[in-house]
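J.: After the structure tokens below, expect a handful of questions from me.
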Amino acid sequence: MQRHRWEVGRRIRTYRVGAGLSQVQLADRTGLDHRTISRAENGVHATSIDVIYRIAVGLGLPSWRLFHDE
């Protein structure tokens, strides 16, 4: 399962950086703490589907994009 966390985290980081956002800026868009964004990107803890959804919305993406490469 850890591999899946890292893959989702990699996608979050890739989309965030591609959007020109810092972790703090994405956190502001989502109403989450920047440490939550960091933990999600690093795959440190299992991230809830609710948090994944909020991150996806903050990035302007459908949530499935964070689970699958194009």
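Going through the structure tokens in order, the chains are called A, B, and so on, while each chain numbers its residues from 1 and the ligands are numbered from 1 in the order shown.
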If we count only C-alpha atoms, what is near A:Gly60 at a cut-off of 10 Å, once residues fewer than 4 positions away on the same chain are taken out, given as a PyMOL selection string?
T.: chain A and resi 15+19+54-56
J.: List every residue of chain A that DSSP, applied to the backbone, labels as alpha helix (DSSP H), and write the result as a compact mmCIF listing (two decimals) with C-alpha atoms, in the first residue's frame.
T.:
```
# COMPACT_ATOMS: atom_id res chain seq x y z
CA GLN A 2 2.88 2.36 0.65
CA ARG A 3 3.73 2.36 -3.06
CA HIS A 4 0.22 3.64 -3.85
CA ARG A 5 0.59 6.45 -1.32
CA TRP A 6 3.86 7.50 -2.95
CA GLU A 7 2.32 7.40 -6.43
CA VAL A 8 -0.63 9.57 -5.38
CA GLY A 9 1.75 11.92 -3.59
CA ARG A 10 3.95 12.18 -6.68
CA ARG A 11 0.94 13.08 -8.78
CA ILE A 12 -0.22 15.71 -6.29
CA ARG A 13 3.25 17.30 -6.29
CA THR A 14 3.51 17.15 -10.09
CA TYR A 15 0.14 18.86 -10.60
CA ARG A 16 0.80 21.40 -7.83
CA VAL A 17 4.19 22.39 -9.22
CA GLY A 18 2.76 22.43 -12.75
CA GLN A 23 2.16 23.84 -0.64
CA VAL A 24 0.96 26.85 1.36
CA GLN A 25 -0.93 28.26 -1.63
CA LEU A 26 -2.60 24.92 -2.30
CA ALA A 27 -3.46 24.63 1.38
CA ASP A 28 -5.11 28.06 1.24
CA ARG A 29 -7.17 26.99 -1.78
CA THR A 30 -8.34 23.81 -0.09
CA HIS A 34 0.07 22.98 4.56
CA ARG A 35 1.40 20.08 6.65
CA THR A 36 -1.50 17.97 5.39
CA ILE A 37 -0.46 18.76 1.81
CA SER A 38 3.13 17.83 2.67
CA ARG A 39 2.10 14.53 4.27
CA ALA A 40 -0.08 13.67 1.27
CA GLU A 41 2.75 14.42 -1.17
CA ASN A 42 5.26 12.41 0.84
CA ILE A 49 -10.59 10.33 0.20
CA ASP A 50 -12.09 13.57 1.52
CA VAL A 51 -8.65 15.20 1.63
CA ILE A 52 -7.74 13.83 -1.80
CA TYR A 53 -10.98 15.28 -3.17
CA ARG A 54 -10.27 18.72 -1.65
CA ILE A 55 -6.75 18.69 -3.08
CA ALA A 56 -8.07 17.74 -6.52
CA VAL A 57 -10.63 20.56 -6.42
CA GLY A 58 -7.88 22.98 -5.32
CA LEU A 59 -5.85 21.89 -8.34
```
